[in-house]
$ cat model_13.csv   # CSV, C-alpha atoms
chain,number,residue,atom,x,y,z
K,1,MET,CA,-36.1,-64.9,95.6
K,2,SER,CA,-32.9,-66.9,96.1
K,3,THR,CA,-30.0,-65.7,98.3
K,4,GLY,CA,-27.8,-65.1,95.2
K,5,THR,CA,-30.5,-62.9,93.6
K,6,ARG,CA,-30.9,-60.9,96.8
K,7,LYS,CA,-27.2,-60.3,97.0
K,8,LEU,CA,-27.1,-59.2,93.4
K,9,PHE,CA,-30.0,-56.8,94.0
K,10,ALA,CA,-28.7,-55.4,97.3
K,11,MET,CA,-25.1,-54.8,96.4
K,12,PRO,CA,-25.6,-52.0,93.8
K,13,LEU,CA,-28.1,-50.2,96.1
K,14,LEU,CA,-25.9,-50.6,99.2
K,15,ALA,CA,-22.9,-49.1,97.3
K,16,GLY,CA,-25.0,-46.4,95.8
K,17,ILE,CA,-26.5,-45.3,99.2
K,18,THR,CA,-23.0,-45.3,100.7
K,19,TYR,CA,-21.6,-43.1,98.0
K,20,ALA,CA,-24.7,-40.8,98.2
K,21,LEU,CA,-24.4,-40.4,101.9
K,22,LEU,CA,-20.7,-39.7,101.6
K,23,TRP,CA,-21.3,-37.0,99.0
K,24,LEU,CA,-24.1,-35.6,101.2
K,25,ALA,CA,-21.7,-35.3,104.1
K,26,ALA,CA,-19.0,-33.7,101.9
K,27,GLY,CA,-21.5,-31.2,100.4
K,28,ALA,CA,-22.8,-30.2,103.8
K,29,LEU,CA,-19.3,-29.6,105.0
K,30,ILE,CA,-18.4,-27.5,102.0
K,31,VAL,CA,-21.6,-25.4,102.3
K,32,SER,CA,-21.0,-24.9,106.0
K,33,LEU,CA,-17.4,-23.7,105.3
K,34,PHE,CA,-18.8,-21.3,102.6
K,35,LEU,CA,-21.3,-20.0,105.1
K,36,HIS,CA,-18.6,-19.4,107.7
K,37,PHE,CA,-15.8,-18.0,105.5
K,38,THR,CA,-17.7,-16.1,102.8
K,39,GLU,CA,-20.5,-13.6,102.5
K,40,MET,CA,-22.9,-16.4,101.6
K,41,LYS,CA,-26.4,-15.8,103.1
K,42,GLU,CA,-28.4,-18.4,104.9
K,43,SER,CA,-31.4,-17.6,102.6
K,44,SER,CA,-29.7,-19.5,99.8
K,45,LEU,CA,-29.5,-22.7,101.9
K,46,SER,CA,-32.7,-24.2,100.5
K,47,THR,CA,-31.4,-24.0,97.0
K,48,MET,CA,-28.1,-25.4,98.0
K,49,ALA,CA,-29.8,-28.3,99.8
K,50,TYR,CA,-31.6,-29.3,96.6
K,51,VAL,CA,-28.3,-29.1,94.7
K,52,ILE,CA,-26.4,-31.1,97.3
K,53,HIS,CA,-29.1,-33.8,97.4
K,54,GLY,CA,-29.3,-33.9,93.6
K,55,VAL,CA,-25.6,-34.3,93.2
K,56,ALA,CA,-25.5,-37.0,96.0
K,57,ALA,CA,-28.3,-39.0,94.3
K,58,LEU,CA,-26.6,-38.6,90.9
K,59,ILE,CA,-23.3,-40.0,92.3
K,60,GLY,CA,-25.1,-42.8,94.1
K,61,GLY,CA,-27.0,-43.6,90.9
K,62,LEU,CA,-23.8,-43.7,88.9
K,63,SER,CA,-22.3,-46.1,91.4
K,64,SER,CA,-25.4,-48.4,91.5
K,65,GLY,CA,-25.8,-48.3,87.8
K,66,LYS,CA,-22.1,-49.1,87.2
K,67,ARG,CA,-22.3,-52.1,89.6
K,68,SER,CA,-25.6,-53.4,88.3
K,69,GLN,CA,-24.4,-53.5,84.6
K,70,SER,CA,-28.0,-53.4,83.5
K,71,ARG,CA,-31.3,-51.6,84.2
K,72,GLY,CA,-29.5,-48.5,85.4
K,73,TRP,CA,-32.7,-46.4,85.5
K,74,TYR,CA,-34.3,-49.0,87.8
K,75,TYR,CA,-31.4,-49.1,90.2
K,76,GLY,CA,-30.9,-45.4,90.1
K,77,SER,CA,-34.5,-44.5,90.8
K,78,THR,CA,-34.7,-47.2,93.5
K,79,LEU,CA,-31.7,-45.6,95.1
K,80,GLY,CA,-33.4,-42.2,94.8
K,81,ILE,CA,-36.5,-43.5,96.5
K,82,LEU,CA,-34.4,-45.0,99.3
K,83,TYR,CA,-32.2,-42.0,99.7
K,84,GLY,CA,-35.2,-39.6,99.7
K,85,ILE,CA,-37.0,-41.7,102.4
K,86,ILE,CA,-33.8,-41.7,104.5
K,87,ILE,CA,-33.5,-37.9,104.3
K,88,ILE,CA,-37.2,-37.3,105.0
K,89,ILE,CA,-37.1,-39.7,108.0
K,90,VAL,CA,-33.9,-38.1,109.4
K,91,SER,CA,-35.3,-34.5,108.9
K,92,PHE,CA,-38.5,-35.5,110.7
K,93,LEU,CA,-36.7,-37.1,113.6
K,94,ALA,CA,-34.0,-34.4,113.9
K,95,SER,CA,-36.1,-31.3,113.3
K,96,ASP,CA,-39.7,-32.5,113.6
K,97,ILE,CA,-40.3,-31.3,110.1
K,98,ALA,CA,-43.6,-32.7,108.7
K,99,LEU,CA,-44.2,-33.8,105.1
K,100,SER,CA,-44.7,-30.8,102.8
K,101,LEU,CA,-44.3,-29.7,99.2
K,102,HIS,CA,-40.5,-29.4,99.8
K,103,SER,CA,-40.4,-33.1,100.8
K,104,PHE,CA,-42.2,-34.0,97.6
K,105,LEU,CA,-39.9,-31.9,95.5
K,106,LEU,CA,-36.9,-33.4,97.2
K,107,LEU,CA,-38.2,-36.9,96.5
K,108,LEU,CA,-38.8,-36.0,92.8
K,109,THR,CA,-35.4,-34.4,92.5
K,110,VAL,CA,-33.5,-37.4,94.0
K,111,ILE,CA,-35.5,-40.0,92.0
K,112,GLY,CA,-34.9,-38.1,88.7
K,113,THR,CA,-31.2,-37.5,89.3
K,114,GLY,CA,-30.7,-41.0,90.7
K,115,ALA,CA,-32.3,-42.6,87.6
K,116,PHE,CA,-30.2,-40.4,85.3
K,117,GLY,CA,-27.1,-41.3,87.2
K,118,GLY,CA,-28.0,-45.0,87.0
K,119,MET,CA,-28.4,-44.7,83.2
K,120,VAL,CA,-25.1,-43.0,82.8
K,121,GLY,CA,-23.4,-45.5,85.2
K,122,VAL,CA,-24.5,-48.5,83.2
K,123,ASN,CA,-23.0,-47.0,80.1
K,124,LEU,CA,-19.7,-46.2,81.8
K,125,ARG,CA,-18.6,-49.8,81.6
K,126,LYS,CA,-18.9,-50.0,77.8
$ encode --input "model_13.csv" --output "C-alpha cells"
Amino acid sequence: MSTGTRKLFAMPLLAGITYALLWLAAGALIVSLFLHFTEMKESSLSTMAYVIHGVAALIGGLSSGKRSQSRGWYYGSTLGILYGIIIIIVSFLASDIALSLHSFLLLLTVIGTGAFGGMVGVNLRK
C-alpha cells in the first residue's frame, strides 16, 4: 500500500473517530446534566448509553462517508468497529468490565449506525 493510499484511507476514519468522540463527550455531558437537574433516574442510563453511542457512531459515519466520497458503508462500519473497540477497551481499563452480551450489543449498534451514517454521508455530497 503506497503512502498516498494510506493517507486516503486514514483521513476519513480519523475525522470520523474525532467527530464520534466529540459527540460522545457532548452526550455524556448532557446526560449528566439531566441526571443532576431533573428527576431522571440512573436506571435509564443503560438505554441512554446505547442511544449516545449510536448517535456518536452515526455522526462519525456521516463524517467519514462524506470525506471518503465512495464506499460509505465500508468506512462507516470500519469506523463503528474502531469506535466500539475503543469504548470496550476504555470501559475495561476504567471499570474492569469484562466482555459480555452488552459489549456485543454495543458493537453491533455502533457498526450498524456507523455503516448507515457512512451511506448517508456519501450521498450528502451529491
$ atom_distance --input "model_13.csv" --atom1 "CA of Leu14 (chain K)" --atom2 "CA of Met48 (chain K)"
25.3 Å
$ closest_residue --input "model_13.csv" --among "K:Thr47, K:Ser100, K:Ser77, K:Ser91" --to "Ile17 (chain K)" --atoms "only C-alpha atoms"
K:Ser77
$ closest_residue --input "model_13.csv" --among "K:Ile85, K:Met11, K:Val120, K:Val90" --to "Lys66 (chain K)" --atoms "only C-alpha atoms"
K:Val120
$ atom_distance --input "model_13.csv" --atom1 "CA of Arg71 (chain K)" --atom2 "CA of Leu108 (chain K)"
19.3 Å
$ closest_residue --input "model_13.csv" --among "K:Leu21, K:Ile30, K:Ala94, K:Leu79" --to "Leu62 (chain K)" --atoms "all atoms listed in the file"
K:Leu79
$ atom_distance --input "model_13.csv" --atom1 "CA of Trp73 (chain K)" --atom2 "CA of Phe116 (chain K)"
6.5 Å
$ closest_residue --input "model_13.csv" --among "K:Leu106, K:Tyr75, K:Leu33, K:Ile86" --to "Ser63 (chain K)" --atoms "all atoms listed in the file"
K:Tyr75
$ residues_near_point --input "model_13.csv" --point "(-23.5, -40.0, 91.9)" --cutoff "9 Å" --atoms "all atoms listed in the file" --output "number ranges by chain"
K: 16, 19-20, 23, 54-64, 113-114, 117-118, 121
$ closest_residue --input "model_13.csv" --among "K:Ile52, K:Met40, K:Leu99, K:Leu13" --to "Ala26 (chain K)" --atoms "all atoms listed in the file"
K:Ile52
$ closest_residue --input "model_13.csv" --among "K:Tyr50, K:Phe34, K:Tyr74, K:Phe92" --to "Val110 (chain K)" --atoms "all atoms listed in the file"
K:Tyr50
$ residues_around --input "model_13.csv" --residues "Ser32 (chain K)" --least-positions-apart "4" --cutoff "12 Å" --atoms "only C-alpha atoms" --output "compact mmCIF listing (two decimals) with C-alpha atoms, in the coordinates of the input"
# COMPACT_ATOMS: atom_id res chain seq x y z
CA ALA K 25 -21.70 -35.30 104.10
CA ALA K 26 -19.00 -33.70 101.90
CA GLY K 27 -21.50 -31.20 100.40
CA ALA K 28 -22.80 -30.20 103.80
CA HIS K 36 -18.60 -19.40 107.70
CA PHE K 37 -15.80 -18.00 105.50
CA THR K 38 -17.70 -16.10 102.80
CA GLU K 39 -20.50 -13.60 102.50
CA MET K 40 -22.90 -16.40 101.60
CA LYS K 41 -26.40 -15.80 103.10
CA GLU K 42 -28.40 -18.40 104.90
CA SER K 44 -29.70 -19.50 99.80
CA LEU K 45 -29.50 -22.70 101.90
CA MET K 48 -28.10 -25.40 98.00
CA ALA K 49 -29.80 -28.30 99.80
CA ILE K 52 -26.40 -31.10 97.30
$ build_atoms --input "model_13.csv" --residues "region 8-43 of chain K" --atoms "N, CA and C atoms" --output "PDB file, in the coordinates of the input"
ATOM      1  N   LEU K   8     -27.302 -59.941  94.601  1.00  0.00           N
ATOM      2  CA  LEU K   8     -27.100 -59.200  93.400  1.00  0.00           C
ATOM      3  C   LEU K   8     -27.919 -57.902  93.373  1.00  0.00           C
ATOM      4  N   PHE K   9     -29.114 -57.937  93.947  1.00  0.00           N
ATOM      5  CA  PHE K   9     -30.000 -56.800  94.000  1.00  0.00           C
ATOM      6  C   PHE K   9     -29.476 -55.772  95.047  1.00  0.00           C
ATOM      7  N   ALA K  10     -29.037 -56.268  96.186  1.00  0.00           N
ATOM      8  CA  ALA K  10     -28.700 -55.400  97.300  1.00  0.00           C
ATOM      9  C   ALA K  10     -27.336 -54.712  97.126  1.00  0.00           C
ATOM     10  N   MET K  11     -26.402 -55.326  96.507  1.00  0.00           N
ATOM     11  CA  MET K  11     -25.100 -54.800  96.400  1.00  0.00           C
ATOM     12  C   MET K  11     -24.993 -53.431  95.661  1.00  0.00           C
ATOM     13  N   PRO K  12     -25.608 -53.297  94.489  1.00  0.00           N
ATOM     14  CA  PRO K  12     -25.600 -52.000  93.800  1.00  0.00           C
ATOM     15  C   PRO K  12     -26.249 -50.899  94.652  1.00  0.00           C
ATOM     16  N   LEU K  13     -27.366 -51.240  95.294  1.00  0.00           N
ATOM     17  CA  LEU K  13     -28.100 -50.200  96.100  1.00  0.00           C
ATOM     18  C   LEU K  13     -27.288 -49.871  97.348  1.00  0.00           C
ATOM     19  N   LEU K  14     -26.661 -50.838  97.979  1.00  0.00           N
ATOM     20  CA  LEU K  14     -25.900 -50.600  99.200  1.00  0.00           C
ATOM     21  C   LEU K  14     -24.676 -49.660  98.822  1.00  0.00           C
ATOM     22  N   ALA K  15     -24.014 -49.967  97.728  1.00  0.00           N
ATOM     23  CA  ALA K  15     -22.900 -49.100  97.300  1.00  0.00           C
ATOM     24  C   ALA K  15     -23.366 -47.730  96.921  1.00  0.00           C
ATOM     25  N   GLY K  16     -24.503 -47.655  96.234  1.00  0.00           N
ATOM     26  CA  GLY K  16     -25.000 -46.400  95.800  1.00  0.00           C
ATOM     27  C   GLY K  16     -25.436 -45.499  97.019  1.00  0.00           C
ATOM     28  N   ILE K  17     -26.105 -46.090  98.000  1.00  0.00           N
ATOM     29  CA  ILE K  17     -26.500 -45.300  99.200  1.00  0.00           C
ATOM     30  C   ILE K  17     -25.260 -44.875  99.956  1.00  0.00           C
ATOM     31  N   THR K  18     -24.254 -45.724 100.036  1.00  0.00           N
ATOM     32  CA  THR K  18     -23.000 -45.300 100.700  1.00  0.00           C
ATOM     33  C   THR K  18     -22.365 -44.147 100.055  1.00  0.00           C
ATOM     34  N   TYR K  19     -22.232 -44.206  98.735  1.00  0.00           N
ATOM     35  CA  TYR K  19     -21.600 -43.100  98.000  1.00  0.00           C
ATOM     36  C   TYR K  19     -22.501 -41.824  98.129  1.00  0.00           C
ATOM     37  N   ALA K  20     -23.809 -41.976  98.054  1.00  0.00           N
ATOM     38  CA  ALA K  20     -24.700 -40.800  98.200  1.00  0.00           C
ATOM     39  C   ALA K  20     -24.572 -40.152  99.519  1.00  0.00           C
ATOM     40  N   LEU K  21     -24.526 -40.938 100.572  1.00  0.00           N
ATOM     41  CA  LEU K  21     -24.400 -40.400 101.900  1.00  0.00           C
ATOM     42  C   LEU K  21     -23.039 -39.719 102.133  1.00  0.00           C
ATOM     43  N   LEU K  22     -21.996 -40.297 101.549  1.00  0.00           N
ATOM     44  CA  LEU K  22     -20.700 -39.700 101.600  1.00  0.00           C
ATOM     45  C   LEU K  22     -20.646 -38.331 100.918  1.00  0.00           C
ATOM     46  N   TRP K  23     -21.256 -38.267  99.736  1.00  0.00           N
ATOM     47  CA  TRP K  23     -21.300 -37.000  99.000  1.00  0.00           C
ATOM     48  C   TRP K  23     -22.197 -35.994  99.699  1.00  0.00           C
ATOM     49  N   LEU K  24     -23.232 -36.469 100.369  1.00  0.00           N
ATOM     50  CA  LEU K  24     -24.100 -35.600 101.200  1.00  0.00           C
ATOM     51  C   LEU K  24     -23.268 -34.952 102.292  1.00  0.00           C
ATOM     52  N   ALA K  25     -22.484 -35.767 102.985  1.00  0.00           N
ATOM     53  CA  ALA K  25     -21.700 -35.300 104.100  1.00  0.00           C
ATOM     54  C   ALA K  25     -20.629 -34.262 103.568  1.00  0.00           C
ATOM     55  N   ALA K  26     -19.996 -34.577 102.440  1.00  0.00           N
ATOM     56  CA  ALA K  26     -19.000 -33.700 101.900  1.00  0.00           C
ATOM     57  C   ALA K  26     -19.654 -32.352 101.437  1.00  0.00           C
ATOM     58  N   GLY K  27     -20.818 -32.431 100.817  1.00  0.00           N
ATOM     59  CA  GLY K  27     -21.500 -31.200 100.400  1.00  0.00           C
ATOM     60  C   GLY K  27     -21.953 -30.361 101.565  1.00  0.00           C
ATOM     61  N   ALA K  28     -22.431 -30.996 102.627  1.00  0.00           N
ATOM     62  CA  ALA K  28     -22.800 -30.200 103.800  1.00  0.00           C
ATOM     63  C   ALA K  28     -21.621 -29.553 104.453  1.00  0.00           C
ATOM     64  N   LEU K  29     -20.492 -30.232 104.468  1.00  0.00           N
ATOM     65  CA  LEU K  29     -19.300 -29.600 105.000  1.00  0.00           C
ATOM     66  C   LEU K  29     -18.827 -28.439 104.176  1.00  0.00           C
ATOM     67  N   ILE K  30     -18.852 -28.587 102.874  1.00  0.00           N
ATOM     68  CA  ILE K  30     -18.400 -27.500 102.000  1.00  0.00           C
ATOM     69  C   ILE K  30     -19.353 -26.290 102.134  1.00  0.00           C
ATOM     70  N   VAL K  31     -20.657 -26.525 102.190  1.00  0.00           N
ATOM     71  CA  VAL K  31     -21.600 -25.400 102.300  1.00  0.00           C
ATOM     72  C   VAL K  31     -21.422 -24.727 103.684  1.00  0.00           C
ATOM     73  N   SER K  32     -21.188 -25.498 104.722  1.00  0.00           N
ATOM     74  CA  SER K  32     -21.000 -24.900 106.000  1.00  0.00           C
ATOM     75  C   SER K  32     -19.701 -24.056 106.064  1.00  0.00           C
ATOM     76  N   LEU K  33     -18.661 -24.507 105.373  1.00  0.00           N
ATOM     77  CA  LEU K  33     -17.400 -23.700 105.300  1.00  0.00           C
ATOM     78  C   LEU K  33     -17.663 -22.439 104.486  1.00  0.00           C
ATOM     79  N   PHE K  34     -18.436 -22.532 103.398  1.00  0.00           N
ATOM     80  CA  PHE K  34     -18.800 -21.300 102.600  1.00  0.00           C
ATOM     81  C   PHE K  34     -19.567 -20.346 103.480  1.00  0.00           C
ATOM     82  N   LEU K  35     -20.494 -20.841 104.263  1.00  0.00           N
ATOM     83  CA  LEU K  35     -21.300 -20.000 105.100  1.00  0.00           C
ATOM     84  C   LEU K  35     -20.395 -19.251 106.155  1.00  0.00           C
ATOM     85  N   HIS K  36     -19.416 -19.961 106.652  1.00  0.00           N
ATOM     86  CA  HIS K  36     -18.600 -19.400 107.700  1.00  0.00           C
ATOM     87  C   HIS K  36     -17.539 -18.401 107.139  1.00  0.00           C
ATOM     88  N   PHE K  37     -16.919 -18.758 106.019  1.00  0.00           N
ATOM     89  CA  PHE K  37     -15.800 -18.000 105.500  1.00  0.00           C
ATOM     90  C   PHE K  37     -16.115 -16.981 104.420  1.00  0.00           C
ATOM     91  N   THR K  38     -17.306 -17.007 103.870  1.00  0.00           N
ATOM     92  CA  THR K  38     -17.700 -16.100 102.800  1.00  0.00           C
ATOM     93  C   THR K  38     -18.886 -15.268 103.200  1.00  0.00           C
ATOM     94  N   GLU K  39     -19.320 -14.455 102.283  1.00  0.00           N
ATOM     95  CA  GLU K  39     -20.500 -13.600 102.500  1.00  0.00           C
ATOM     96  C   GLU K  39     -21.790 -14.328 102.102  1.00  0.00           C
ATOM     97  N   MET K  40     -21.750 -15.620 101.963  1.00  0.00           N
ATOM     98  CA  MET K  40     -22.900 -16.400 101.600  1.00  0.00           C
ATOM     99  C   MET K  40     -24.020 -16.242 102.624  1.00  0.00           C
ATOM    100  N   LYS K  41     -25.243 -16.020 102.185  1.00  0.00           N
ATOM    101  CA  LYS K  41     -26.400 -15.800 103.100  1.00  0.00           C
ATOM    102  C   LYS K  41     -27.088 -17.132 103.369  1.00  0.00           C
ATOM    103  N   GLU K  42     -27.689 -17.227 104.534  1.00  0.00           N
ATOM    104  CA  GLU K  42     -28.400 -18.400 104.900  1.00  0.00           C
ATOM    105  C   GLU K  42     -29.716 -18.576 104.083  1.00  0.00           C
ATOM    106  N   SER K  43     -30.152 -17.517 103.449  1.00  0.00           N
ATOM    107  CA  SER K  43     -31.400 -17.600 102.600  1.00  0.00           C
ATOM    108  C   SER K  43     -31.185 -18.459 101.391  1.00  0.00           C
TER     109      SER K  43
END
